[in-house]
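Trainee: Hey, dropping work_25.tsv in here, TSV, C-alpha atoms and all ligand atoms:
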```tsv
chain	number	residue	atom	x	y	z
A	27	MET	CA	0.00	0.00	0.00
A	28	LYS	CA	2.89	2.36	0.98
A	29	LYS	CA	4.62	1.55	-2.36
A	30	PHE	CA	1.39	2.27	-4.23
A	31	ILE	CA	1.03	5.74	-2.61
A	32	ILE	CA	4.70	6.68	-3.30
A	33	GLY	CA	4.39	5.48	-6.97
A	34	THR	CA	1.20	7.50	-7.56
A	35	ALA	CA	2.70	10.62	-5.96
A	36	ALA	CA	5.85	10.28	-8.12
A	37	THR	CA	3.76	9.88	-11.32
A	38	VAL	CA	1.65	12.95	-10.48
A	39	LEU	CA	4.82	14.97	-9.79
A	40	ILE	CA	6.47	13.93	-13.10
A	41	LEU	CA	3.29	14.70	-15.09
A	42	THR	CA	2.97	18.10	-13.41
A	43	ILE	CA	6.60	18.97	-14.29
A	44	ILE	CA	6.11	17.92	-17.96
A	45	PHE	CA	2.87	19.94	-18.21
A	46	SER	CA	4.50	23.05	-16.66
A	47	ILE	CA	7.44	22.89	-19.08
A	48	GLN	CA	5.03	22.56	-22.04
A	49	GLN	CA	2.99	25.53	-20.87
A	50	GLY	CA	6.12	27.62	-20.29
A	51	ILE	CA	5.37	27.92	-16.58
A	52	LEU	CA	8.78	26.43	-15.75
A	53	PHE	CA	11.84	27.63	-17.73
A	54	SER	CA	9.81	30.16	-19.78
A	55	LYS	CA	11.99	31.76	-22.46
A	56	THR	CA	11.60	35.20	-24.09
A	57	LEU	CA	10.89	35.02	-27.83
A	58	PRO	CA	13.16	37.14	-30.09
A	59	TYR	CA	11.58	40.46	-31.25
A	60	ASP	CA	9.72	39.94	-34.52
A	61	ASP	CA	8.83	43.14	-36.31
A	62	GLU	CA	6.30	41.34	-38.51
A	63	GLN	CA	4.44	39.94	-35.52
A	64	SER	CA	4.63	42.79	-33.02
A	65	GLY	CA	1.41	44.62	-32.33
A	66	LEU	CA	-0.68	42.36	-34.54
A	67	ASP	CA	-3.28	42.53	-31.82
A	68	THR	CA	-3.28	46.37	-32.10
A	69	GLN	CA	-5.48	47.26	-35.03
A	70	ILE	CA	-4.93	50.79	-36.35
A	71	THR	CA	-7.99	52.51	-37.80
A	72	ILE	CA	-7.95	55.55	-40.05
A	73	HIS	CA	-11.24	57.39	-40.55
A	74	LEU	CA	-11.06	59.16	-43.90
A	75	SER	CA	-13.76	61.73	-44.58
A	76	HIS	CA	-14.42	63.43	-47.93
A	77	VAL	CA	-17.23	65.31	-49.64
A	78	VAL	CA	-17.70	63.83	-53.12
A	79	ALA	CA	-19.36	60.75	-54.58
A	80	GLU	CA	-17.53	57.41	-54.74
A	81	ASN	CA	-17.51	57.25	-58.55
A	82	THR	CA	-15.24	60.32	-58.89
A	83	PRO	CA	-11.45	60.75	-59.11
A	84	LYS	CA	-11.21	61.49	-55.38
A	85	GLY	CA	-13.82	58.90	-54.34
A	86	GLN	CA	-12.09	56.16	-56.35
A	87	ALA	CA	-8.64	57.14	-55.09
A	88	ALA	CA	-9.80	57.02	-51.47
A	89	ILE	CA	-11.04	53.45	-52.00
A	90	LYS	CA	-7.83	52.45	-53.80
A	91	PHE	CA	-5.71	53.93	-50.99
A	92	ALA	CA	-7.73	51.98	-48.39
A	93	GLU	CA	-7.21	48.73	-50.33
A	94	LEU	CA	-3.47	49.29	-50.75
A	95	VAL	CA	-3.01	50.17	-47.08
A	96	GLU	CA	-4.82	47.00	-46.02
A	97	GLU	CA	-2.71	44.94	-48.43
A	98	LYS	CA	0.65	46.48	-47.52
A	99	THR	CA	0.08	46.33	-43.76
A	100	LYS	CA	-1.42	42.82	-44.00
A	101	GLY	CA	-4.63	44.06	-42.41
A	102	LYS	CA	-2.99	45.83	-39.47
A	103	VAL	CA	-4.21	49.24	-40.68
A	104	LYS	CA	-7.82	49.67	-41.81
A	105	VAL	CA	-8.97	52.80	-43.62
A	106	HIS	CA	-12.70	53.51	-43.29
A	107	VAL	CA	-13.80	55.86	-46.07
A	108	TYR	CA	-16.78	58.20	-45.50
A	109	PRO	CA	-17.79	59.82	-48.84
A	110	ASN	CA	-20.42	62.46	-49.73
A	111	ALA	CA	-19.84	64.62	-46.62
A	112	SER	CA	-21.50	61.86	-44.57
A	113	LEU	CA	-19.19	62.68	-41.61
A	114	TYR	CA	-17.94	66.25	-42.19
A	115	ASN	CA	-18.48	68.83	-44.92
A	116	ASP	CA	-16.26	71.53	-46.46
A	117	GLU	CA	-16.86	73.87	-43.58
A	118	ASN	CA	-15.98	71.61	-40.68
A	119	GLU	CA	-13.69	68.88	-42.00
A	120	PHE	CA	-10.39	70.72	-41.45
A	121	LYS	CA	-11.25	71.49	-37.81
A	122	ALA	CA	-12.31	67.85	-37.32
A	123	LEU	CA	-8.91	66.78	-38.65
A	124	GLN	CA	-6.99	69.18	-36.43
A	125	ASP	CA	-9.00	68.04	-33.39
A	126	GLY	CA	-8.28	64.38	-34.20
A	127	LYS	CA	-11.96	63.54	-34.75
A	128	VAL	CA	-10.91	62.01	-38.09
A	129	GLU	CA	-7.41	60.99	-39.10
A	130	MET	CA	-7.60	61.92	-42.80
A	131	ILE	CA	-9.41	64.32	-45.13
A	132	ILE	CA	-8.90	65.25	-48.79
A	133	PRO	CA	-10.00	68.88	-49.31
A	134	THR	CA	-9.53	70.72	-52.58
A	135	PHE	CA	-6.44	72.90	-52.43
A	136	SER	CA	-8.70	75.89	-53.17
A	137	LYS	CA	-10.50	75.32	-49.86
A	138	MET	CA	-7.17	75.28	-48.03
A	139	THR	CA	-6.13	78.72	-49.29
A	140	ALA	CA	-7.62	80.41	-46.21
A	141	TYR	CA	-4.91	78.62	-44.19
A	142	VAL	CA	-2.19	78.48	-46.83
A	143	PRO	CA	-2.60	81.56	-49.07
A	144	ASP	CA	0.36	80.51	-51.24
A	145	TRP	CA	-1.74	77.64	-52.58
A	146	GLN	CA	-3.76	80.23	-54.52
A	147	VAL	CA	-1.17	79.83	-57.24
A	148	LEU	CA	-2.94	76.58	-58.20
A	149	ASP	CA	-6.22	78.48	-58.66
A	150	LEU	CA	-4.85	80.95	-61.22
A	151	PRO	CA	-6.93	80.87	-64.41
A	152	TYR	CA	-5.31	79.37	-67.51
A	153	LEU	CA	-2.03	78.58	-65.76
A	154	PHE	CA	-1.93	74.87	-66.62
A	155	HIS	CA	-2.55	73.52	-70.11
A	156	THR	CA	-2.42	69.74	-69.65
A	157	ASP	CA	-2.98	67.08	-67.01
A	158	ASP	CA	0.69	66.07	-67.38
A	159	GLU	CA	1.81	69.56	-66.36
A	160	VAL	CA	-0.39	69.33	-63.27
A	161	HIS	CA	1.15	65.95	-62.44
A	162	GLU	CA	4.70	67.24	-62.83
A	163	VAL	CA	4.13	70.25	-60.60
A	164	LEU	CA	2.07	68.60	-57.87
A	165	THR	CA	4.18	65.45	-57.50
A	166	GLY	CA	7.55	67.23	-57.72
A	167	PRO	CA	9.57	69.59	-55.48
A	168	ILE	CA	7.03	72.42	-55.84
A	169	GLY	CA	4.29	70.14	-54.53
A	170	GLU	CA	6.52	69.22	-51.57
A	171	GLN	CA	7.29	72.88	-50.89
A	172	LEU	CA	3.56	73.68	-50.85
A	173	LEU	CA	2.77	70.77	-48.52
A	174	ASP	CA	5.50	71.91	-46.11
A	175	GLU	CA	3.45	75.03	-45.46
A	176	LEU	CA	0.95	72.90	-43.52
A	177	LYS	CA	3.38	72.32	-40.64
A	178	PRO	CA	2.02	75.07	-38.32
A	179	PHE	CA	-1.47	73.51	-38.45
A	180	ASN	CA	-0.80	70.12	-36.77
A	181	VAL	CA	-1.44	68.60	-40.17
A	182	ARG	CA	0.75	66.47	-42.44
A	183	GLY	CA	0.38	66.74	-46.21
A	184	LEU	CA	0.80	63.26	-47.68
A	185	GLY	CA	0.51	64.45	-51.28
A	186	PHE	CA	-1.69	66.01	-53.94
A	187	TRP	CA	-4.29	64.31	-56.11
A	188	HIS	CA	-5.90	65.58	-59.29
A	189	ASN	CA	-9.47	65.85	-60.49
A	190	GLY	CA	-9.31	67.80	-63.75
A	191	PHE	CA	-10.01	71.03	-65.57
A	192	LYS	CA	-13.01	73.13	-64.59
A	193	GLN	CA	-15.93	74.00	-66.85
A	194	LEU	CA	-18.82	76.40	-66.32
A	195	THR	CA	-22.49	75.47	-66.00
A	196	ALA	CA	-25.27	78.06	-66.05
A	197	GLU	CA	-28.96	78.50	-66.64
A	198	HIS	CA	-28.24	80.48	-69.83
A	199	PRO	CA	-25.60	79.76	-72.46
A	200	ILE	CA	-22.16	81.24	-71.74
A	201	TYR	CA	-20.37	82.04	-75.00
A	202	THR	CA	-18.22	84.96	-73.87
A	203	PHE	CA	-17.06	86.24	-70.50
A	204	GLU	CA	-19.52	89.13	-70.97
A	205	ASP	CA	-22.28	86.53	-70.51
A	206	LEU	CA	-21.12	86.08	-66.91
A	207	GLN	CA	-21.91	89.68	-66.01
A	208	GLY	CA	-24.47	89.96	-63.19
A	209	LEU	CA	-24.58	86.22	-62.50
A	210	ARG	CA	-24.27	84.77	-58.98
A	211	ILE	CA	-21.60	82.14	-59.46
A	212	ARG	CA	-20.75	79.57	-56.83
A	213	THR	CA	-17.01	79.21	-56.23
A	214	MET	CA	-14.95	77.31	-53.73
A	215	PRO	CA	-13.76	79.66	-50.97
A	216	SER	CA	-10.54	81.05	-52.49
A	217	LYS	CA	-9.83	84.75	-52.87
A	218	THR	CA	-8.26	84.13	-56.26
A	219	LEU	CA	-11.33	82.28	-57.54
A	220	GLU	CA	-13.60	84.98	-56.18
A	221	ARG	CA	-11.47	87.64	-57.89
A	222	GLN	CA	-11.60	85.69	-61.15
A	223	PHE	CA	-15.38	86.14	-61.28
A	224	SER	CA	-15.67	89.64	-59.85
A	225	ILE	CA	-13.29	90.78	-62.61
A	226	VAL	CA	-15.90	89.82	-65.22
A	227	GLY	CA	-18.76	91.52	-63.35
A	228	ALA	CA	-20.22	88.41	-61.69
A	229	THR	CA	-20.92	87.92	-57.98
A	230	PRO	CA	-18.90	85.06	-56.50
A	231	VAL	CA	-20.83	83.02	-53.93
A	232	PRO	CA	-18.54	80.77	-51.90
A	233	ILE	CA	-20.67	77.93	-50.52
A	234	SER	CA	-20.08	74.36	-49.45
A	235	PHE	CA	-20.07	71.67	-52.15
A	236	SER	CA	-22.92	69.80	-50.48
A	237	GLU	CA	-25.18	72.86	-50.92
A	238	VAL	CA	-24.52	73.50	-54.61
A	239	PHE	CA	-27.23	71.25	-56.03
A	240	THR	CA	-30.04	72.66	-53.88
A	241	ASP	CA	-28.88	76.26	-54.42
A	242	LEU	CA	-28.85	75.73	-58.19
A	243	GLU	CA	-32.25	74.08	-58.03
A	244	SER	CA	-33.77	76.88	-55.94
A	245	HIS	CA	-32.07	79.54	-58.14
A	246	ALA	CA	-30.20	80.96	-55.15
A	247	ILE	CA	-27.23	80.85	-57.54
A	248	ASP	CA	-27.16	81.03	-61.35
A	249	ALA	CA	-23.97	79.22	-62.26
A	250	GLN	CA	-20.99	77.27	-60.94
A	251	GLU	CA	-17.56	76.03	-62.05
A	252	ASN	CA	-16.53	72.41	-61.74
A	253	THR	CA	-15.06	69.37	-63.45
A	254	ALA	CA	-17.14	67.12	-65.69
A	255	SER	CA	-16.88	64.35	-63.08
A	256	ASN	CA	-18.30	66.49	-60.27
A	257	ILE	CA	-20.98	67.96	-62.56
A	258	TYR	CA	-22.06	64.49	-63.63
A	259	SER	CA	-21.78	62.64	-60.31
A	260	LYS	CA	-23.63	65.34	-58.37
A	261	GLY	CA	-26.30	65.73	-61.04
A	262	PHE	CA	-25.76	69.48	-61.60
A	263	TYR	CA	-26.83	68.90	-65.24
A	264	LYS	CA	-30.33	68.15	-63.93
A	265	VAL	CA	-30.70	71.67	-62.55
A	266	GLN	CA	-28.64	73.65	-65.11
A	267	LYS	CA	-29.34	73.74	-68.82
A	268	ASN	CA	-25.96	74.80	-70.20
A	269	MET	CA	-22.29	74.04	-69.91
A	270	THR	CA	-19.30	75.71	-71.56
A	271	VAL	CA	-16.08	73.76	-71.92
A	272	THR	CA	-13.66	76.46	-70.83
A	273	ASN	CA	-10.88	74.43	-69.15
A	274	HIS	CA	-10.14	77.70	-67.36
A	275	GLY	CA	-8.60	76.26	-64.20
A	276	ILE	CA	-7.82	73.07	-62.35
A	277	LEU	CA	-9.47	71.33	-59.43
A	278	GLY	CA	-7.30	69.10	-57.26
A	279	TYR	CA	-6.80	67.83	-53.75
A	280	SER	CA	-4.44	67.81	-50.81
A	281	VAL	CA	-4.36	64.50	-48.94
A	282	LEU	CA	-4.06	65.41	-45.26
A	283	MET	CA	-3.42	63.48	-42.04
A	284	ASN	CA	-3.53	64.57	-38.41
A	285	GLU	CA	0.14	65.13	-37.46
A	286	LYS	CA	-0.15	63.77	-33.91
A	287	PHE	CA	-1.72	60.57	-35.22
A	288	TRP	CA	1.07	60.26	-37.81
A	289	GLN	CA	3.76	60.71	-35.16
A	290	GLN	CA	2.28	57.90	-33.07
A	291	LEU	CA	2.46	55.38	-35.93
A	292	PRO	CA	5.35	52.88	-35.94
A	293	PRO	CA	8.00	53.87	-38.55
A	294	LYS	CA	7.27	50.74	-40.56
A	295	VAL	CA	3.56	51.65	-40.82
A	296	GLN	CA	4.48	55.22	-41.83
A	297	GLN	CA	6.58	53.79	-44.63
A	298	GLN	CA	3.79	51.43	-45.75
A	299	LEU	CA	1.30	54.32	-45.78
A	300	MET	CA	3.65	56.43	-47.91
A	301	GLU	CA	4.12	53.55	-50.34
A	302	ALA	CA	0.35	53.15	-50.60
A	303	MET	CA	0.05	56.90	-51.09
A	304	GLN	CA	2.62	57.04	-53.91
A	305	GLU	CA	1.07	54.08	-55.70
A	306	THR	CA	-2.42	55.54	-55.37
A	307	THR	CA	-1.23	58.94	-56.62
A	308	GLU	CA	0.24	57.53	-59.85
A	309	TRP	CA	-2.91	55.47	-60.44
A	310	GLN	CA	-5.14	58.40	-59.47
A	311	PHE	CA	-3.78	60.93	-61.97
A	312	LYS	CA	-4.45	58.53	-64.86
A	313	GLN	CA	-7.85	57.56	-63.50
A	314	ALA	CA	-8.92	61.21	-63.13
A	315	VAL	CA	-8.33	61.84	-66.84
A	316	LEU	CA	-10.34	58.75	-67.82
A	317	ILE	CA	-13.24	59.52	-65.46
A	318	ASN	CA	-13.54	63.12	-66.66
A	319	ALA	CA	-13.49	62.07	-70.33
A	320	GLU	CA	-16.15	59.45	-69.67
A	321	ASP	CA	-18.33	61.82	-67.63
A	322	LEU	CA	-18.06	64.53	-70.31
A	323	ARG	CA	-19.30	61.92	-72.80
A	324	LYS	CA	-22.24	61.09	-70.50
A	325	LEU	CA	-23.05	64.79	-70.12
A	326	GLN	CA	-23.07	65.15	-73.92
A	327	GLN	CA	-25.74	62.46	-74.04
A	328	GLN	CA	-28.14	64.33	-71.75
A	329	SER	CA	-31.12	65.51	-73.81
A	330	ASP	CA	-31.90	68.72	-71.95
A	331	PHE	CA	-28.31	69.87	-71.42
A	332	ASP	CA	-26.41	71.89	-74.08
A	333	ILE	CA	-22.63	71.91	-74.18
A	334	TYR	CA	-20.65	74.62	-75.95
A	335	THR	CA	-16.89	74.27	-76.44
A	336	MET	CA	-15.06	77.57	-76.67
A	337	THR	CA	-12.69	78.26	-79.57
A	338	ASP	CA	-8.97	79.06	-79.24
A	339	ASN	CA	-9.64	82.73	-80.05
A	340	GLU	CA	-12.27	82.94	-77.35
A	341	ARG	CA	-9.89	81.29	-74.89
A	342	GLN	CA	-7.32	83.98	-75.73
A	343	ARG	CA	-9.88	86.70	-74.92
A	344	TRP	CA	-10.79	85.10	-71.57
A	345	GLN	CA	-7.13	84.74	-70.72
A	346	GLU	CA	-6.49	88.44	-71.36
A	347	GLN	CA	-9.54	89.41	-69.32
A	348	PHE	CA	-8.35	87.28	-66.39
A	349	ALA	CA	-4.79	88.72	-66.43
A	350	PRO	CA	-5.41	91.10	-63.44
A	351	VAL	CA	-6.08	88.04	-61.25
A	352	TYR	CA	-2.35	87.34	-61.51
A	353	ASP	CA	-1.55	90.83	-60.16
A	354	TYR	CA	-3.97	90.24	-57.30
A	355	TYR	CA	-2.29	86.90	-56.52
A	356	ARG	CA	1.23	88.41	-56.58
A	357	THR	CA	0.32	91.07	-54.03
A	358	ASN	CA	-1.60	88.75	-51.71
A	359	VAL	CA	0.72	85.81	-51.08
A	360	LYS	CA	3.99	85.41	-49.19
A	361	GLN	CA	5.88	83.54	-51.88
A	362	PRO	CA	4.82	84.85	-55.32
A	363	HIS	CA	8.03	83.38	-56.78
A	364	ILE	CA	6.31	79.94	-56.76
A	365	LEU	CA	4.37	81.11	-59.82
A	366	ALA	CA	7.60	81.73	-61.74
A	367	GLU	CA	8.88	78.30	-60.65
A	368	ILE	CA	5.74	76.66	-62.01
A	369	GLN	CA	5.95	78.66	-65.23
A	370	LYS	CA	9.49	77.37	-65.76
A	371	ILE	CA	8.17	73.81	-65.75
A	372	ILE	CA	5.09	74.21	-67.92
A	373	SER	CA	4.80	75.30	-71.54
A	374	PRO	CA	4.09	79.03	-72.23
B	1	LIG	C1	-14.51	68.29	-54.41
B	1	LIG	O1	-14.22	67.83	-55.52
B	1	LIG	O2	-14.05	67.90	-53.35
B	1	LIG	C2	-15.54	69.39	-54.31
B	1	LIG	C3	-15.33	70.45	-55.31
B	1	LIG	C4	-16.15	71.67	-55.06
B	1	LIG	O3	-16.35	72.09	-53.92
B	1	LIG	O4	-16.61	72.27	-56.04
```
When written as structure tokens, how does the structure in this file appear?
Ligand code: SIN
Mentor:
Amino acid sequence: MKKFIIGTAATVLILTIIFSIQQGILFSKTLPYDDEQSGLDTQITIHLSHVVAENTPKGQAAIKFAELVEEKTKGKVKVHVYPNASLYNDENEFKALQDGKVEMIIPTFSKMTAYVPDWQVLDLPYLFHTDDEVHEVLTGPIGEQLLDELKPFNVRGLGFWHNGFKQLTAEHPIYTFEDLQGLRIRTMPSKTLERQFSIVGATPVPISFSEVFTDLESHAIDAQENTASNIYSKGFYKVQKNMTVTNHGILGYSVLMNEKFWQQLPPKVQQQLMEAMQETTEWQFKQAVLINAEDLRKLQQQSDFDIYTMTDNERQRWQEQFAPVYDYYRTNVKQPHILAEIQKIISP
């Protein structure tokens, strides 16, 4: 009986020691640091808010960026995209970003000119001639220089995206700039854009993008400037009867992140986000051209919507009329030399 008790006790003791070693209770060893594995339990979420439809150059790029981020970080970082001003609109999105209520927004650079007046250079009428010129300027050293000006705002500029060239829609046909006289024209809030229309005797009305459709419908405004993709995707052609292909300016975006959030990201994630950003940007510029061409074609098919394309001579006249906007710009920004730098890159 004594032998039986000692044997059982010994067996229990041996089994307990084996189990403890297996479970790491005895002789537990520290695993080497594995960068790939660390923090896998810590999901990072980026809330990205923007104001346009999903089937637009910005809407598509936001989705592409989210996919690439998920792929490159192997699911560690998730980007939730909120389109159509469903979270924040033009008026409150920048404050929401600064306050850390969202981690990313993609405002037009025109809307950022209240904070960064130098960005008005991108609003100058008839400065750019082709989408390739826009790409070269916005993705090169000038683009970087412009993004650096965001530093005092607790905001990091990840890059610029493109939409396209702006056209005019109105209730009545616009053949010459004289036809703009007396019209209430919605613009994005940018002093240069406002000046562009006051110079031709129109009244600029800077309102939020999400209000444009209803204000056109209720005749609170008579006209607006935008790209074919925004005109089509927001249905402005349903409440305006005419469009003139003027290509008089560009509409593009700054991709912004809350600086504090950025600083808290592990360096590897920062690098993955920048890779996703660069890949999206290259894809985005090409996509923007295709979407605008396709949406212009769809607009041309609308039965109750007339499109007039201005001639080269008319463009020359508009350009001359808009020349004083350049003087206004030069006297109202800190670094007017950026204009000369851009002009060196693009064709005359
Ligand atoms: C946008 O493309 O984000 C909106 C443009 C506008 O406000 O006209």
Trainee: For stretch 150-152 of chain A, please output as a ChimeraX atom specification all residues within 7 Å (counting all atoms listed in the file; exclusion window: fewer than 2 positions along the same chain).
Mentor: /A:146-148,154-155,218,274-275,345,348,352
Trainee: For chain A versus ligand LIG 1 (chain B), which residues have an atom no more than 8 Å away, and what is each residue's nearest atom pair and distance in Å rounded to one decimal, using only C-alpha atoms and all ligand atoms, chain-then-number order, as CSV?
Mentor:
```
residue,atom,partner,partner_atom,distance
A:His76,CA,B:LIG1,O2,7.0
A:Val77,CA,B:LIG1,O2,5.5
A:Val78,CA,B:LIG1,O2,5.5
A:Lys84,CA,B:LIG1,O1,7.0
A:Asp116,CA,B:LIG1,O3,7.5
A:Ile132,CA,B:LIG1,O2,7.4
A:Pro133,CA,B:LIG1,O2,5.8
A:Thr134,CA,B:LIG1,O2,5.4
A:Lys137,CA,B:LIG1,O3,7.8
A:Asn189,CA,B:LIG1,O1,7.2
A:Thr213,CA,B:LIG1,O4,7.0
A:Met214,CA,B:LIG1,O3,5.4
A:Ser234,CA,B:LIG1,O3,6.2
A:Phe235,CA,B:LIG1,O3,4.1
A:Ser236,CA,B:LIG1,O3,7.8
A:Glu251,CA,B:LIG1,O4,7.2
A:Asn252,CA,B:LIG1,O4,5.7
A:Asn256,CA,B:LIG1,O1,6.4
A:Leu277,CA,B:LIG1,O1,7.1
A:Gly278,CA,B:LIG1,O1,7.2
A:Tyr279,CA,B:LIG1,O2,7.3
```
Trainee: What does the distance from atom CA of A:Glu97 to atom CA of A:Gln310 come to in Å, to one decimal?
Mentor: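 Between atom CA of A:Glu97 and atom CA of A:Gln310 the gap works out to 17.6 Å.
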Trainee: Could you give me, as a list in words, the residues within 12 Å of A:Ile233, counting all atoms listed in the file and dropping anything in the same chain fewer than 6 positions from it?
Mentor: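 That gives Asn115, Asp116, Glu117, Lys137, Arg210, Ile211, Arg212, Thr213, Met214, Pro215, Ser216, Glu220, Phe239, Thr240, Asp241, Leu242, Ala246, Ile247 and Gln250 of chain A.
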Trainee: Which is closest to A:Ile333 among A:Glu197, A:Glu159, A:Glu204, A:Glu175, if we use all atoms listed in the file?
Mentor: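 Using all atoms listed in the file, A:Ile333 sits closest to A:Glu197.
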